[in-house]
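S.K.: Encoded as structure tokens, here's the structure I'll be asking about.
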Amino acid sequence: MRVVSLVPSLTEAVARTVPGALVGATDWCTHPAGLDVVRVGGTKNPKTDRILSLAPDLVIANEEENRAPDLDALRAGGVEVLVTEVRTVPRAFTELDRTLTACGAPSRPRWLDEAEAAWADPPVPERRATAVVPVWRRPWMVLGRDTFAGDVLARLGVDHLYAAHAERYPRIPVDALRAARPDVVVLPDEPYRFTADDGPEAFPGLPCALVDGRCLTWYGPSLAEAPRVLAAALRAAHR
């Protein structure tokens with residue numbers, strides 16, 4: 001089986017579970033460290049000719065991360081494309097199982113069982129908190145409706161204030177974000193790399209939780225540690 005992955009989360013999952021299956025991945029596929037495969041460009045602008053030259057049996061993609069015209073071009077080149085849709089934690093487990101099976105996994109990996117167990121009883125605070133969750137700056141963009149990261153936070157006792165917004169990643173002026181007075185501002189280090197010196201200063205007087213973006217937005221082996229890591233970062237914001 002020759003697989004090209006256009007999704008960082010799935011790249012890590014396949015590399016961990018079916019060693020040797022991956023022949024190509026995006027420039028953003030950073031895990032596992034030292035992954036030695038052909039790089040095929042970004043998630044939004046993959047080099048379809050390079051992918052086709054690898055003669056993959058399967059390309060794995062995601063409906064949010066990858067563009068339909070690119071996937072159509074791959075199909076037109078005779079390549080099978082598996083497109084995942086992951087907007088909740090339970091759906092992540094279903095789609096991971098489906099993807100790994102399609103990539104030739106002989107059995108369900110232990111890390112996936114461990115991840116499901118971790119999310120079956122995640123650490124939840126006594127009192128639920130409200131949050132705004134910026135994912136970009138210049139312009140400011142936040143989590144809106146129907147997102148995987150939003151579901152992750154909800155399962156950890158955090159309700160983000162734009163969950164009912166018409167858009168999935170709305171642009172909201174920072175003064176409006178401050179005026180919403182959330183209990184906490186959640187600042188991940190991807191896709192925008194928020195840091196202690198870049199982000200919190202925009203929200204004076206509000207607790208800010210700097211969180212691991214991989215734990216918040218990736219659906220792969222990191223799901224096993226995500227509840228613990230994220231809960232710790234959220235608690236730290238209120239100390």
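Within each chain, counting starts at residue 1; across the structure tokens, chains are named A, B, ... in the order shown, with ligands numbered 1 upward in that order.
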Counting only C-alpha atoms, what are the residues of segment 81-109 of chain A within 9 Å of segment 136-155 of chain A, and for each of them which pair of atoms is the nearest and at what distance in Å, to one decimal? Sort the table by chain and rising number, as a Markdown table.
M.R.:
| residue | atom | partner | partner_atom | distance |
| --- | --- | --- | --- | --- |
| A:Val86 | CA | A:Phe148 | CA | 6.4 |
| A:Arg87 | CA | A:Phe148 | CA | 4.0 |
| A:Thr88 | CA | A:Phe148 | CA | 4.8 |
| A:Val89 | CA | A:Val152 | CA | 6.5 |
| A:Ala92 | CA | A:Phe148 | CA | 8.4 |
S.K.: Apply DSSP to the backbone of this structure and, from segment 43-88 of chain A, keep only the residues in helix (DSSP H, G or I); write these as a ChimeraX atom specification.
M.R.: /A:48-53,68-76
S.K.: Would you pick out the contacts of Glu114 of chain A at 10 Å or less, using only C-alpha atoms, so that residues sharing its chain but fewer than 6 positions from it are not included, and give the list as JSON, numbers by chain?
M.R.: {"A": [120, 221, 223, 224, 225]}
S.K.: Save the residues we just selected, N, CA and C atoms, as a PDB file, in the first residue's frame?
M.R.:
ATOM      1  N   ALA A 120     -13.408   8.981  27.383  1.00  0.00           N
ATOM      2  CA  ALA A 120     -14.624   8.440  27.988  1.00  0.00           C
ATOM      3  C   ALA A 120     -14.892   9.089  29.342  1.00  0.00           C
ATOM      4  N   PRO A 221      -2.797  10.288  17.355  1.00  0.00           N
ATOM      5  CA  PRO A 221      -2.260   9.800  18.619  1.00  0.00           C
ATOM      6  C   PRO A 221      -2.289  10.820  19.746  1.00  0.00           C
ATOM      7  N   LEU A 223      -4.637  12.513  20.700  1.00  0.00           N
ATOM      8  CA  LEU A 223      -5.915  12.456  21.408  1.00  0.00           C
ATOM      9  C   LEU A 223      -5.792  11.763  22.762  1.00  0.00           C
ATOM     10  N   ALA A 224      -4.829  10.867  22.899  1.00  0.00           N
ATOM     11  CA  ALA A 224      -4.680  10.131  24.148  1.00  0.00           C
ATOM     12  C   ALA A 224      -4.234  11.047  25.286  1.00  0.00           C
ATOM     13  N   GLU A 225      -3.392  12.022  25.003  1.00  0.00           N
ATOM     14  CA  GLU A 225      -2.889  12.918  26.038  1.00  0.00           C
ATOM     15  C   GLU A 225      -3.645  14.239  26.094  1.00  0.00           C
TER      16      GLU A 225
END
S.K.: Near Pro188 of chain A, within 6 Å and counting only C-alpha atoms, which residues show up once chain neighbours fewer than 6 positions away are dropped, as an NGL selection string?
M.R.: :A and (210-213)
S.K.: Take the residues from that selection and put them in a file with C-alpha atoms, as a JSON list (two decimals), in the first residue's frame.
M.R.:
[["chain", "number", "residue", "atom", "x", "y", "z"],
["A", 210, "LEU", "CA", -1.85, 29.13, 26.17],
["A", 211, "VAL", "CA", -2.58, 25.64, 24.88],
["A", 212, "ASP", "CA", -0.93, 23.03, 22.69],
["A", 213, "GLY", "CA", -2.59, 23.41, 19.29]]
S.K.: Show me a table, sorted first by chain and then by increasing residue number, of the residues of segment 48-123 of chain A having an atom at most 8 Å from segment 23-29 of chain A, each with its shortest atom pair and the distance in Å to one decimal, counting only C-alpha atoms and written as a Markdown table.
M.R.:
| residue | atom | partner | partner_atom | distance |
| --- | --- | --- | --- | --- |
| A:Ile51 | CA | A:Gly24 | CA | 7.3 |
| A:Leu54 | CA | A:Val23 | CA | 7.2 |
| A:Pro56 | CA | A:Val23 | CA | 7.6 |
S.K.: Since we have the selection now, will you write its residues out, keeping N, CA, C and O atoms, as a short mmCIF file (atom, residue, chain, number, x, y, z; two decimals), in the first residue's frame?
M.R.:
data_model
loop_
_atom_site.label_atom_id
_atom_site.label_comp_id
_atom_site.auth_asym_id
_atom_site.auth_seq_id
_atom_site.Cartn_x
_atom_site.Cartn_y
_atom_site.Cartn_z
N ILE A 51 2.24 14.51 -6.42
CA ILE A 51 1.50 13.41 -5.80
C ILE A 51 1.26 12.29 -6.81
O ILE A 51 1.49 11.10 -6.53
N LEU A 54 4.08 9.94 -7.54
CA LEU A 54 4.38 8.94 -6.52
C LEU A 54 3.56 7.67 -6.70
O LEU A 54 3.79 6.68 -6.00
N PRO A 56 0.44 6.79 -5.85
CA PRO A 56 -0.15 6.26 -4.61
C PRO A 56 -1.36 5.38 -4.89
O PRO A 56 -2.09 5.58 -5.87
#
S.K.: How would you write, as an mmCIF file with N, CA, C and O atoms, in the first residue's frame, the set of residues in segment 72-223 of chain A that DSSP gives as strand (DSSP E)?
M.R.:
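The file below, part_15.cif, is the result:
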data_model
loop_
_atom_site.group_PDB
_atom_site.id
_atom_site.type_symbol
_atom_site.label_atom_id
_atom_site.label_comp_id
_atom_site.auth_asym_id
_atom_site.auth_seq_id
_atom_site.Cartn_x
_atom_site.Cartn_y
_atom_site.Cartn_z
ATOM 1 N N VAL A 81 -9.217 8.744 -3.550
ATOM 2 C CA VAL A 81 -9.097 9.749 -2.493
ATOM 3 C C VAL A 81 -10.113 9.450 -1.401
ATOM 4 O O VAL A 81 -11.310 9.323 -1.678
ATOM 5 N N LEU A 82 -9.639 9.326 -0.180
ATOM 6 C CA LEU A 82 -10.519 9.124 0.969
ATOM 7 C C LEU A 82 -10.615 10.460 1.702
ATOM 8 O O LEU A 82 -9.601 10.999 2.142
ATOM 9 N N VAL A 83 -11.812 10.987 1.820
ATOM 10 C CA VAL A 83 -12.026 12.285 2.456
ATOM 11 C C VAL A 83 -12.705 12.087 3.801
ATOM 12 O O VAL A 83 -13.786 11.497 3.886
ATOM 13 N N THR A 84 -12.074 12.571 4.851
ATOM 14 C CA THR A 84 -12.633 12.468 6.195
ATOM 15 C C THR A 84 -13.401 13.730 6.553
ATOM 16 O O THR A 84 -13.148 14.802 6.011
ATOM 17 N N ALA A 129 -16.908 26.925 32.157
ATOM 18 C CA ALA A 129 -16.374 28.250 31.854
ATOM 19 C C ALA A 129 -16.758 28.663 30.442
ATOM 20 O O ALA A 129 -16.994 27.811 29.577
ATOM 21 N N THR A 130 -16.811 29.976 30.209
ATOM 22 C CA THR A 130 -17.014 30.491 28.855
ATOM 23 C C THR A 130 -15.666 30.934 28.296
ATOM 24 O O THR A 130 -14.744 31.280 29.049
ATOM 25 N N ALA A 131 -15.545 30.914 26.972
ATOM 26 C CA ALA A 131 -14.262 31.243 26.355
ATOM 27 C C ALA A 131 -14.460 31.851 24.983
ATOM 28 O O ALA A 131 -15.493 31.660 24.332
ATOM 29 N N VAL A 132 -13.461 32.607 24.566
ATOM 30 C CA VAL A 132 -13.287 32.900 23.149
ATOM 31 C C VAL A 132 -11.984 32.205 22.754
ATOM 32 O O VAL A 132 -11.048 32.121 23.550
ATOM 33 N N PRO A 134 -9.369 32.412 19.800
ATOM 34 C CA PRO A 134 -8.771 32.896 18.557
ATOM 35 C C PRO A 134 -7.907 31.814 17.906
ATOM 36 O O PRO A 134 -7.188 31.071 18.590
ATOM 37 N N VAL A 135 -7.996 31.730 16.588
ATOM 38 C CA VAL A 135 -7.135 30.811 15.837
ATOM 39 C C VAL A 135 -6.268 31.563 14.842
ATOM 40 O O VAL A 135 -5.409 30.965 14.182
ATOM 41 N N TRP A 136 -6.497 32.874 14.732
ATOM 42 C CA TRP A 136 -5.681 33.695 13.823
ATOM 43 C C TRP A 136 -5.689 35.126 14.318
ATOM 44 O O TRP A 136 -6.562 35.537 15.081
ATOM 45 N N MET A 141 -9.562 35.895 14.066
ATOM 46 C CA MET A 141 -10.548 34.870 13.737
ATOM 47 C C MET A 141 -10.672 33.938 14.932
ATOM 48 O O MET A 141 -9.677 33.669 15.622
ATOM 49 N N VAL A 142 -11.879 33.456 15.173
ATOM 50 C CA VAL A 142 -12.122 32.605 16.336
ATOM 51 C C VAL A 142 -12.889 31.354 15.931
ATOM 52 O O VAL A 142 -13.435 31.265 14.826
ATOM 53 N N VAL A 158 -15.619 23.720 28.821
ATOM 54 C CA VAL A 158 -15.428 25.077 28.315
ATOM 55 C C VAL A 158 -16.368 25.320 27.136
ATOM 56 O O VAL A 158 -16.294 24.619 26.123
ATOM 57 N N ASP A 159 -17.251 26.295 27.268
ATOM 58 C CA ASP A 159 -18.202 26.632 26.214
ATOM 59 C C ASP A 159 -17.753 27.911 25.525
ATOM 60 O O ASP A 159 -17.733 28.986 26.143
ATOM 61 N N HIS A 160 -17.360 27.824 24.244
ATOM 62 C CA HIS A 160 -16.888 29.030 23.585
ATOM 63 C C HIS A 160 -18.074 29.853 23.073
ATOM 64 O O HIS A 160 -19.106 29.316 22.652
ATOM 65 N N VAL A 184 -12.306 32.899 30.092
ATOM 66 C CA VAL A 184 -10.933 32.610 29.696
ATOM 67 C C VAL A 184 -10.790 32.815 28.191
ATOM 68 O O VAL A 184 -11.749 32.603 27.438
ATOM 69 N N VAL A 185 -9.617 33.253 27.776
ATOM 70 C CA VAL A 185 -9.273 33.324 26.363
ATOM 71 C C VAL A 185 -8.325 32.170 26.074
ATOM 72 O O VAL A 185 -7.258 32.062 26.698
ATOM 73 N N VAL A 186 -8.709 31.293 25.185
ATOM 74 C CA VAL A 186 -7.893 30.122 24.861
ATOM 75 C C VAL A 186 -7.057 30.450 23.624
ATOM 76 O O VAL A 186 -7.604 30.751 22.556
ATOM 77 N N LEU A 187 -5.736 30.385 23.772
ATOM 78 C CA LEU A 187 -4.814 30.766 22.705
ATOM 79 C C LEU A 187 -3.934 29.574 22.327
ATOM 80 O O LEU A 187 -2.950 29.274 23.022
ATOM 81 N N PRO A 188 -4.263 28.877 21.239
ATOM 82 C CA PRO A 188 -3.436 27.746 20.800
ATOM 83 C C PRO A 188 -2.200 28.214 20.040
ATOM 84 O O PRO A 188 -2.139 29.360 19.572
ATOM 85 N N CYS A 208 -5.791 34.145 30.309
ATOM 86 C CA CYS A 208 -5.462 33.559 29.009
ATOM 87 C C CYS A 208 -4.810 32.191 29.202
ATOM 88 O O CYS A 208 -3.871 32.061 30.002
ATOM 89 N N ALA A 209 -5.303 31.204 28.494
ATOM 90 C CA ALA A 209 -4.729 29.862 28.538
ATOM 91 C C ALA A 209 -3.977 29.608 27.242
ATOM 92 O O ALA A 209 -4.584 29.548 26.162
ATOM 93 N N LEU A 210 -2.655 29.487 27.330
ATOM 94 C CA LEU A 210 -1.847 29.128 26.175
ATOM 95 C C LEU A 210 -1.845 27.606 26.078
ATOM 96 O O LEU A 210 -1.385 26.909 26.992
ATOM 97 N N VAL A 211 -2.397 27.083 24.978
ATOM 98 C CA VAL A 211 -2.581 25.637 24.884
ATOM 99 C C VAL A 211 -1.850 25.058 23.673
ATOM 100 O O VAL A 211 -1.561 25.767 22.698
#
S.K.: In Å, how far is it from atom CA of Leu230 of chain A to atom CA of Leu6 of chain A?
M.R.: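 If I compute the distance from atom CA of Leu230 of chain A to atom CA of Leu6 of chain A, I get 25.5 Å.
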S.K.: For Tyr169 of chain A, which residue among A:Ala105, A:Glu64, A:Arg235, A:Val229 is the nearest when counting only C-alpha atoms?
M.R.: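 Smallest distance to Tyr169 of chain A is found for A:Glu64.
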S.K.: For Leu156 of chain A, work out the shell of residues within 7 Å, counting only C-alpha atoms and skipping chain neighbours fewer than 6 positions away, then give it as a list in words.
M.R.: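 These residues fall inside the cut-off: Pro122, Pro123, Val124 and Ala231 of chain A.
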S.K.: Write the selection just made, keeping N, CA and C atoms, as a PDB file, in the first residue's frame?
M.R.:
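The resulting file, part_31.pdb, is shown below:
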ATOM      1  N   PRO A 122     -13.147  12.396  30.673  1.00  0.00           N
ATOM      2  CA  PRO A 122     -12.167  13.488  30.691  1.00  0.00           C
ATOM      3  C   PRO A 122     -12.281  14.314  31.965  1.00  0.00           C
ATOM      4  N   PRO A 123     -11.206  15.012  32.341  1.00  0.00           N
ATOM      5  CA  PRO A 123     -11.260  15.873  33.529  1.00  0.00           C
ATOM      6  C   PRO A 123     -12.123  17.104  33.271  1.00  0.00           C
ATOM      7  N   VAL A 124     -13.149  17.271  34.076  1.00  0.00           N
ATOM      8  CA  VAL A 124     -14.084  18.386  33.903  1.00  0.00           C
ATOM      9  C   VAL A 124     -14.143  19.181  35.207  1.00  0.00           C
ATOM     10  N   ALA A 231      -6.561  20.232  29.987  1.00  0.00           N
ATOM     11  CA  ALA A 231      -7.145  20.558  31.288  1.00  0.00           C
ATOM     12  C   ALA A 231      -6.132  21.266  32.180  1.00  0.00           C
TER      13      ALA A 231
END
S.K.: Have a look at atom CA of Thr11 of chain A and atom CA of Ala68 of chain A and let me know their distance in Å, one decimal.
M.R.: 19.2 Å
S.K.: With only C-alpha atoms as the atoms that count, which of A:Ala176, A:Leu10, A:Val3, A:Leu96 lies nearest to Leu52 of chain A?
M.R.: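 Result for the nearest residue to Leu52 of chain A: A:Val3.
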S.K.: So that I can see what lies close to Phe203 of chain A, please list as a ChimeraX atom specification the residues with an atom at most 10 Å from it, counting only C-alpha atoms and leaving out residues fewer than 2 positions away in the same chain.
M.R.: /A:174-175,177-179,181,184-185,199-201,205-208
S.K.: Could you turn the residues from that selection into a file that holds N, CA and C atoms, as a PDB file, in the first residue's frame?
M.R.:
ATOM      1  N   VAL A 174     -11.152  42.517  17.706  1.00  0.00           N
ATOM      2  CA  VAL A 174     -10.645  42.181  19.032  1.00  0.00           C
ATOM      3  C   VAL A 174     -11.376  42.947  20.130  1.00  0.00           C
ATOM      4  N   ASP A 175     -11.856  44.157  19.837  1.00  0.00           N
ATOM      5  CA  ASP A 175     -12.591  44.880  20.877  1.00  0.00           C
ATOM      6  C   ASP A 175     -13.898  44.173  21.211  1.00  0.00           C
ATOM      7  N   LEU A 177     -14.266  40.880  21.024  1.00  0.00           N
ATOM      8  CA  LEU A 177     -13.858  39.701  21.799  1.00  0.00           C
ATOM      9  C   LEU A 177     -13.653  40.084  23.258  1.00  0.00           C
ATOM     10  N   ARG A 178     -13.017  41.225  23.486  1.00  0.00           N
ATOM     11  CA  ARG A 178     -12.808  41.685  24.868  1.00  0.00           C
ATOM     12  C   ARG A 178     -14.146  42.012  25.529  1.00  0.00           C
ATOM     13  N   ALA A 179     -15.039  42.655  24.767  1.00  0.00           N
ATOM     14  CA  ALA A 179     -16.325  43.072  25.328  1.00  0.00           C
ATOM     15  C   ALA A 179     -17.200  41.885  25.695  1.00  0.00           C
ATOM     16  N   ARG A 181     -16.358  39.446  27.411  1.00  0.00           N
ATOM     17  CA  ARG A 181     -15.997  39.106  28.784  1.00  0.00           C
ATOM     18  C   ARG A 181     -16.067  37.600  29.058  1.00  0.00           C
ATOM     19  N   VAL A 184     -12.306  32.899  30.092  1.00  0.00           N
ATOM     20  CA  VAL A 184     -10.933  32.610  29.696  1.00  0.00           C
ATOM     21  C   VAL A 184     -10.790  32.815  28.191  1.00  0.00           C
ATOM     22  N   VAL A 185      -9.617  33.253  27.776  1.00  0.00           N
ATOM     23  CA  VAL A 185      -9.273  33.324  26.363  1.00  0.00           C
ATOM     24  C   VAL A 185      -8.325  32.170  26.074  1.00  0.00           C
ATOM     25  N   GLY A 199      -0.309  37.725  22.007  1.00  0.00           N
ATOM     26  CA  GLY A 199      -1.688  37.284  22.182  1.00  0.00           C
ATOM     27  C   GLY A 199      -2.307  37.770  23.467  1.00  0.00           C
ATOM     28  N   PRO A 200      -1.752  37.373  24.619  1.00  0.00           N
ATOM     29  CA  PRO A 200      -2.375  37.778  25.886  1.00  0.00           C
ATOM     30  C   PRO A 200      -2.463  39.284  26.084  1.00  0.00           C
ATOM     31  N   GLU A 201      -1.504  40.035  25.521  1.00  0.00           N
ATOM     32  CA  GLU A 201      -1.519  41.492  25.718  1.00  0.00           C
ATOM     33  C   GLU A 201      -2.752  42.148  25.092  1.00  0.00           C
ATOM     34  N   GLY A 205      -6.647  42.023  31.599  1.00  0.00           N
ATOM     35  CA  GLY A 205      -7.639  41.746  32.625  1.00  0.00           C
ATOM     36  C   GLY A 205      -8.363  40.434  32.462  1.00  0.00           C
ATOM     37  N   LEU A 206      -8.126  39.718  31.357  1.00  0.00           N
ATOM     38  CA  LEU A 206      -8.788  38.433  31.133  1.00  0.00           C
ATOM     39  C   LEU A 206      -7.781  37.296  31.268  1.00  0.00           C
ATOM     40  N   PRO A 207      -8.137  36.210  31.946  1.00  0.00           N
ATOM     41  CA  PRO A 207      -7.241  35.059  32.027  1.00  0.00           C
ATOM     42  C   PRO A 207      -7.016  34.478  30.628  1.00  0.00           C
ATOM     43  N   CYS A 208      -5.791  34.145  30.309  1.00  0.00           N
ATOM     44  CA  CYS A 208      -5.462  33.559  29.009  1.00  0.00           C
ATOM     45  C   CYS A 208      -4.810  32.191  29.202  1.00  0.00           C
TER      46      CYS A 208
END
S.K.: Interatomic distance between atom CA of Pro191 of chain A and atom CA of Cys103 of chain A?
M.R.: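 Separating atom CA of Pro191 of chain A from atom CA of Cys103 of chain A is a distance of 26.8 Å.
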